[in-house]
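*Asks:* Would you mind keeping the following structure in view while I ask a few things?
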There are 6 protein chains.
Amino acid sequence: MAAKFFLLALLALSFSRARASDPSQLQDFCVADRTSQVFVNGFACKDPKTAVVEDFHFSGLHMAGNASNKQGSAVTAVNVAHIAGLNTLGISLARVDYAQYGQNPPHIHPRASEGLIHFQYNCGTKEAIAIAALSSKNPGVITIANAVFASKPSISDDIVAKAFQVDKKIVEHIQAQF
Amino acid sequence: MAAKFFLLALLALSFSRARASDPSQLQDFCVADRTSQVFVNGFACKDPKTAVVEDFHFSGLHMAGNASNKQGSAVTAVNVAHIAGLNTLGISLARVDYAQYGQNPPHIHPRASEGLIHFQYNCGTKEAIAIAALSSKNPGVITIANAVFASKPSISDDIVAKAFQVDKKIVEHIQAQF
Amino acid sequence: MAAKFFLLALLALSFSRARASDPSQLQDFCVADRTSQVFVNGFACKDPKTAVVEDFHFSGLHMAGNASNKQGSAVTAVNVAHIAGLNTLGISLARVDYAQYGQNPPHIHPRASEGLIHFQYNCGTKEAIAIAALSSKNPGVITIANAVFASKPSISDDIVAKAFQVDKKIVEHIQAQF
Amino acid sequence: MAAKFFLLALLALSFSRARASDPSQLQDFCVADRTSQVFVNGFACKDPKTAVVEDFHFSGLHMAGNASNKQGSAVTAVNVAHIAGLNTLGISLARVDYAQYGQNPPHIHPRASEGLIHFQYNCGTKEAIAIAALSSKNPGVITIANAVFASKPSISDDIVAKAFQVDKKIVEHIQAQF
Amino acid sequence: MAAKFFLLALLALSFSRARASDPSQLQDFCVADRTSQVFVNGFACKDPKTAVVEDFHFSGLHMAGNASNKQGSAVTAVNVAHIAGLNTLGISLARVDYAQYGQNPPHIHPRASEGLIHFQYNCGTKEAIAIAALSSKNPGVITIANAVFASKPSISDDIVAKAFQVDKKIVEHIQAQF
Amino acid sequence: MAAKFFLLALLALSFSRARASDPSQLQDFCVADRTSQVFVNGFACKDPKTAVVEDFHFSGLHMAGNASNKQGSAVTAVNVAHIAGLNTLGISLARVDYAQYGQNPPHIHPRASEGLIHFQYNCGTKEAIAIAALSSKNPGVITIANAVFASKPSISDDIVAKAFQVDKKIVEHIQAQF
């Protein structure tokens, strides 16, 4: 029941994510060749004569991610990194598992989905699951807290302290959590 | 179990659907005003000051569609016709319910998803469910058999008979099923 | 006279075909290198220093295609497969010859032109010619009847029979024509 | 014979024109409402319920343009201004008639086709015809000589003289021809 | 000297911002009508016959912004909100003034520019100025700290505390600064 | 003072330039590998592991171009040819220096910016500087006078003379200036 309610809530949320779009496809399929030594915008393709069924298939969305962590959530992404045949198709999926009161913390998707910074929170007393769609084969994700407080190389304490208008000690305290 | 297997199979299938992309969004949101007397490419928007929570929400994907029909399948679409806030966001979802041995017959999506004509078939002995993502707020669907044999206005028997290289009586027989 | 009328009719038809668009060009020209061992979305280009006049030229649209076939039509396509210099330019042409009462049977173009499934029929008593433009260097074509009844690998009789709501014998009869 | 040769030459030329692309179509059709008091990027559409056959048809490409002018050429354009149903479809056509030794003088298409400034010249001893395709419903055309020497408001003689590095008298002489 | 160095540094930074792109322009110009009661993706246009010189002009980039604030920076944006004629042109500019040790705090641009969250910091001992270009007429800006700690409606303390893995008191302390 | 006024004027001018857009970026960065033997639409990328700070940096916009030439202007372009990291980002910059009464003669940008043929003229009595933004990593520039009168291979005198409706001697005179 909680899961059902949550799924619906998430679908609404997922809409606010989609904005940018990958360039159009120029042939029937272009399976990403992730071992290629040629790098292009996106991925070079395998010789189409070598495409196999496995290039278009992923098994795993039926398995729960492990949400026993600080945020109480786990994302199982299914994008071009997981299905080479998604290359040039401009779409991907994700499964998010939420523990009781778990959250997928504030984040953005730099290539497929923006609008505002968004998050999901499981306000129910049961575990929940969401299926989200993103309008890129490789949407990316930038979790705000990690990007600001745990980037590598790190952002200077001075800059973060001024940005958040707090004492450097608080910045260092937050950084220590990551 | 069958449902799980099928979900995975469908996900693979859904990838072959996505190709074209809606134009980019030019503001934070643009809720479709479906009562507007102004028609544009897509939809005119409501005055943003009048946007409400309901513009971004849909409840119903948790409910099974009625697959007790000739094809043994039912599609519950969730696009800009159902969620006005999807306007300009370039993405939509669909739930497909399949009866035992049911199929979502050969079709194409003229605005969001192509590649080859595609279909899904529930080869399992249990009901199955799929969640599919499409890269348009308004992907459209053209079911091949209906478009050829049940279009309005209808395509002349002569033309269909020649296209399928069969006797006109067979064409008329098929047309009578729709 | 019939030819003239038909040309005009075809031009109107061709409009309903165009929808998707290739990604923009990023340099003055990018001649497709069809012998490249590097595969990308579209085609890799020749070293621009090796481009020659022949890369931008096609001779043959003045020659009638042989429409003495079951459909009574012949398509002469001129796309990136025929003119390497069309690569990245997002446009192609086709000449269609129609015998008396010939037709270009119901089809779609997966990359450059959709809308609805479309066909052309020469209702006149003379041969006719059409010049059509498509908004992709590589629009592709899916002839409905062939895709459903003559695909390789073939679609199961059971599935096609249910999709068209006819007996499997009729499906097998149609398949035998191809 | 000259006409045939010329057609082929023109097709090659027309390829160098196509680059940019209109935004994708978001519904089956969106017939331009050219009397609308609402102005948008492109055109507002008619209420789709009021679309008629004439919105998708143009008769006239079979008629020769009058090439008895200084340039020896005449362009018959068929774009959204002539066929309202072309709106949102991203393609248009043009017929060009050339007198003996006529030319379609150096020009560019600001919305659908560029690359380099291009022209066509009928080097044959007979009249010639070309059919060109452009990748926009409203490609526009800027004839170089007119834009520089006959723009309204006009460009100062001083500026044109310096741009072309000639005496102002020559600029004034050229301007007088237009 | 510091200003010069900084300008160059900023130019490099500005590159990491650009990614998405507005839909193409479909006419020579489409001046935004910001008083229109018709809302579309982007802006409706003025009747082109009423366009005036002022629609294409902005005066003010030569004036320093007031950087005497907590962040030590001031952004003067020049986008479609300031120049109506920028509508449909897909580009905008900004001037950023930095006090000594001032910063433009971590932020993203949801419509025109992403990649990673970015910021600029004036490490010099003099005031500095940057001119940045963004690939949208209406790029938007989301300042991370404000979006997380000062959004309206506000994000629950519980959620923010978990996202940043700190005590709620620290969250409340930070919120109090905004 | 003149410089300030001119900067503002140029900003207005630069807006009229932007129209087309590069395809979207498909990863965080894709540094152009200009020594690659693989040619694609745009540029192949370096192995991302080999990216260095210098790939994202350009020093030189603080230096005046030498405007002591016939046109009295100098363009310092900063595009993907100068900053490899601009690849796939769809934006570039240029600095233009103008001598007293100098001009950047009539030109177009085939990939990033059009509308009408445009130019800038320094009507002031002092040197002036402009910073312009263009919506492509590789916008290109076609200076009208050079393209018509100094192209290689050259356009026949006959054709240019007819296009500009002047005597061939005038054409030859103009050609001699370049």
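Identifiers in this document derive from the order of the structure tokens: chains are assigned A, B, ..., residues are numbered from 1 separately in each chain, and ligands are numbered from 1 in order of occurrence.
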Check every residue of chain C for an atom within 6 Å of chain B, counting only C-alpha atoms, and provide those that qualify as a VMD selection string.

*Replies:* chain C and resid 105 110 114 to 115 145 163 to 164

*Asks:* Need the shell around range 91-95 of chain A: protein/DNA/RNA residues with any atom at most 9 Å away, counting only C-alpha atoms. Skip same-chain ones fewer than 6 positions apart. Format as number ranges by chain?

*Replies:* A: 21-22, 61-62, 64-65, 74-80, 112, 129-139; B: 11, 15, 18-19, 133-135

*Asks:* Just write the chosen residues, N, CA, C and O atoms, as a short mmCIF file (atom, residue, chain, number, x, y, z; two decimals), in the first residue's frame.

*Replies:*
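The resulting file, part27.cif, is shown below:
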data_model
loop_
_atom_site.label_atom_id
_atom_site.label_comp_id
_atom_site.auth_asym_id
_atom_site.auth_seq_id
_atom_site.Cartn_x
_atom_site.Cartn_y
_atom_site.Cartn_z
N SER A 21 17.61 17.03 -24.11
CA SER A 21 17.41 15.86 -24.94
C SER A 21 18.67 15.53 -25.71
O SER A 21 19.38 16.42 -26.15
N ASP A 22 18.92 14.24 -25.82
CA ASP A 22 20.06 13.77 -26.60
C ASP A 22 19.83 14.06 -28.08
O ASP A 22 18.69 14.17 -28.53
N LEU A 61 16.14 -5.13 -12.46
CA LEU A 61 15.21 -4.15 -11.89
C LEU A 61 14.21 -4.79 -10.93
O LEU A 61 13.52 -4.08 -10.21
N HIS A 62 14.12 -6.13 -10.95
CA HIS A 62 13.21 -6.79 -10.02
C HIS A 62 13.87 -6.99 -8.65
O HIS A 62 13.22 -7.42 -7.71
N ALA A 64 15.62 -5.72 -5.18
CA ALA A 64 15.66 -4.54 -4.31
C ALA A 64 17.10 -4.09 -4.11
O ALA A 64 18.01 -4.90 -3.90
N GLY A 65 17.32 -2.78 -4.19
CA GLY A 65 18.62 -2.23 -3.79
C GLY A 65 18.72 -2.23 -2.28
O GLY A 65 17.70 -2.32 -1.58
N ALA A 74 18.41 3.53 -2.14
CA ALA A 74 19.38 2.92 -3.05
C ALA A 74 18.86 3.08 -4.47
O ALA A 74 17.70 2.79 -4.74
N VAL A 75 19.71 3.55 -5.36
CA VAL A 75 19.32 3.75 -6.75
C VAL A 75 19.95 2.67 -7.62
O VAL A 75 21.15 2.44 -7.55
N THR A 76 19.11 1.98 -8.40
CA THR A 76 19.61 1.04 -9.41
C THR A 76 19.38 1.70 -10.77
O THR A 76 18.24 1.79 -11.23
N ALA A 77 20.44 2.20 -11.34
CA ALA A 77 20.32 2.90 -12.62
C ALA A 77 20.42 1.91 -13.77
O ALA A 77 21.15 0.92 -13.69
N VAL A 78 19.68 2.16 -14.83
CA VAL A 78 19.76 1.36 -16.05
C VAL A 78 19.93 2.34 -17.20
O VAL A 78 18.96 2.86 -17.74
N ASN A 79 21.18 2.61 -17.53
CA ASN A 79 21.45 3.54 -18.63
C ASN A 79 22.46 2.92 -19.58
O ASN A 79 22.66 1.69 -19.55
N VAL A 80 23.05 3.73 -20.41
CA VAL A 80 23.93 3.19 -21.45
C VAL A 80 25.13 2.47 -20.85
O VAL A 80 25.75 1.62 -21.51
N ALA A 112 19.95 15.09 -18.44
CA ALA A 112 18.62 14.71 -18.87
C ALA A 112 17.50 15.37 -18.10
O ALA A 112 16.37 15.34 -18.53
N ILE A 129 9.15 1.69 -3.40
CA ILE A 129 9.92 1.51 -4.64
C ILE A 129 9.43 2.54 -5.65
O ILE A 129 8.23 2.83 -5.72
N ALA A 130 10.35 3.09 -6.42
CA ALA A 130 9.95 3.96 -7.54
C ALA A 130 10.66 3.53 -8.80
O ALA A 130 11.79 3.03 -8.75
N ILE A 131 9.97 3.69 -9.92
CA ILE A 131 10.58 3.53 -11.24
C ILE A 131 10.55 4.92 -11.88
O ILE A 131 9.48 5.52 -12.00
N ALA A 132 11.70 5.43 -12.25
CA ALA A 132 11.75 6.76 -12.85
C ALA A 132 12.33 6.67 -14.27
O ALA A 132 13.17 5.81 -14.54
N ALA A 133 11.87 7.54 -15.12
CA ALA A 133 12.39 7.61 -16.49
C ALA A 133 13.11 8.93 -16.67
O ALA A 133 12.65 9.96 -16.19
N LEU A 134 14.22 8.90 -17.39
CA LEU A 134 15.01 10.11 -17.63
C LEU A 134 15.30 10.23 -19.12
O LEU A 134 15.60 9.24 -19.78
N SER A 135 15.25 11.44 -19.61
CA SER A 135 15.34 11.66 -21.06
C SER A 135 16.76 11.76 -21.58
O SER A 135 17.08 12.63 -22.37
N SER A 136 17.63 10.85 -21.18
CA SER A 136 18.97 10.74 -21.75
C SER A 136 19.47 9.33 -21.52
O SER A 136 19.11 8.68 -20.54
N LYS A 137 20.32 8.86 -22.43
CA LYS A 137 20.95 7.56 -22.23
C LYS A 137 21.96 7.62 -21.10
O LYS A 137 22.40 6.62 -20.58
N ASN A 138 22.39 8.82 -20.74
CA ASN A 138 23.47 9.01 -19.77
C ASN A 138 23.18 10.27 -18.97
O ASN A 138 23.87 11.27 -19.08
N PRO A 139 22.12 10.25 -18.14
CA PRO A 139 21.64 11.48 -17.52
C PRO A 139 22.61 12.08 -16.51
O PRO A 139 22.66 13.29 -16.33
N LEU B 11 11.45 -3.96 -20.54
CA LEU B 11 12.39 -2.85 -20.43
C LEU B 11 13.32 -2.85 -21.63
O LEU B 11 13.58 -1.81 -22.24
N PHE B 15 13.42 0.14 -24.94
CA PHE B 15 14.56 0.92 -25.42
C PHE B 15 14.50 1.12 -26.92
O PHE B 15 14.93 2.14 -27.43
N ALA B 18 12.69 4.57 -28.40
CA ALA B 18 12.94 6.00 -28.21
C ALA B 18 13.88 6.56 -29.24
O ALA B 18 14.96 6.06 -29.44
N ARG B 19 13.49 7.63 -29.90
CA ARG B 19 14.40 8.24 -30.85
C ARG B 19 14.27 9.75 -30.93
O ARG B 19 15.23 10.46 -30.76
N ALA B 133 8.83 3.85 -20.66
CA ALA B 133 9.08 5.28 -20.72
C ALA B 133 9.23 5.68 -22.19
O ALA B 133 9.81 4.95 -22.98
N LEU B 134 8.68 6.84 -22.54
CA LEU B 134 8.75 7.31 -23.93
C LEU B 134 9.26 8.75 -23.92
O LEU B 134 8.85 9.56 -23.09
N SER B 135 10.07 9.07 -24.90
CA SER B 135 10.76 10.36 -24.88
C SER B 135 9.96 11.48 -25.53
O SER B 135 10.48 12.24 -26.33
#

*Asks:* Select from range 82-148 of chain D everything DSSP, run on the backbone, classes as strand (DSSP E or B), then give the selection as number ranges by chain.

*Replies:* D: 92-98, 103-109, 113-121, 128-134, 142-143

*Asks:* Please return as an MDAnalysis selection string: the residues of chain A that backbone DSSP assigns to helix (DSSP H, G or I).

*Replies:* chainID A and resid 2:15 48:50 53:56 84:86 144:149 157:164 168:177

*Asks:* Report the distance between CA of Pro48 in chain F and CA of Val38 in chain A in Å, rounded to one decimal place.

*Replies:*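 Answer for the CA of Pro48 in chain F to CA of Val38 in chain A separation: 10.9 Å.
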
*Asks:* Give me the residues within 7 Å of Lys46 in chain E as a count of residues only, counting only C-alpha atoms and dropping any in the same chain fewer than 3 places off.

*Replies:* 6

*Asks:* Please determine, counting only C-alpha atoms, which residue among E:Phe29, E:Ser59, E:Leu89, E:Ala128 has the shortest atom-to-atom distance to Asp47 in chain E.

*Replies:*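 Ranked by minimum distance to Asp47 in chain E, first place goes to E:Phe29.
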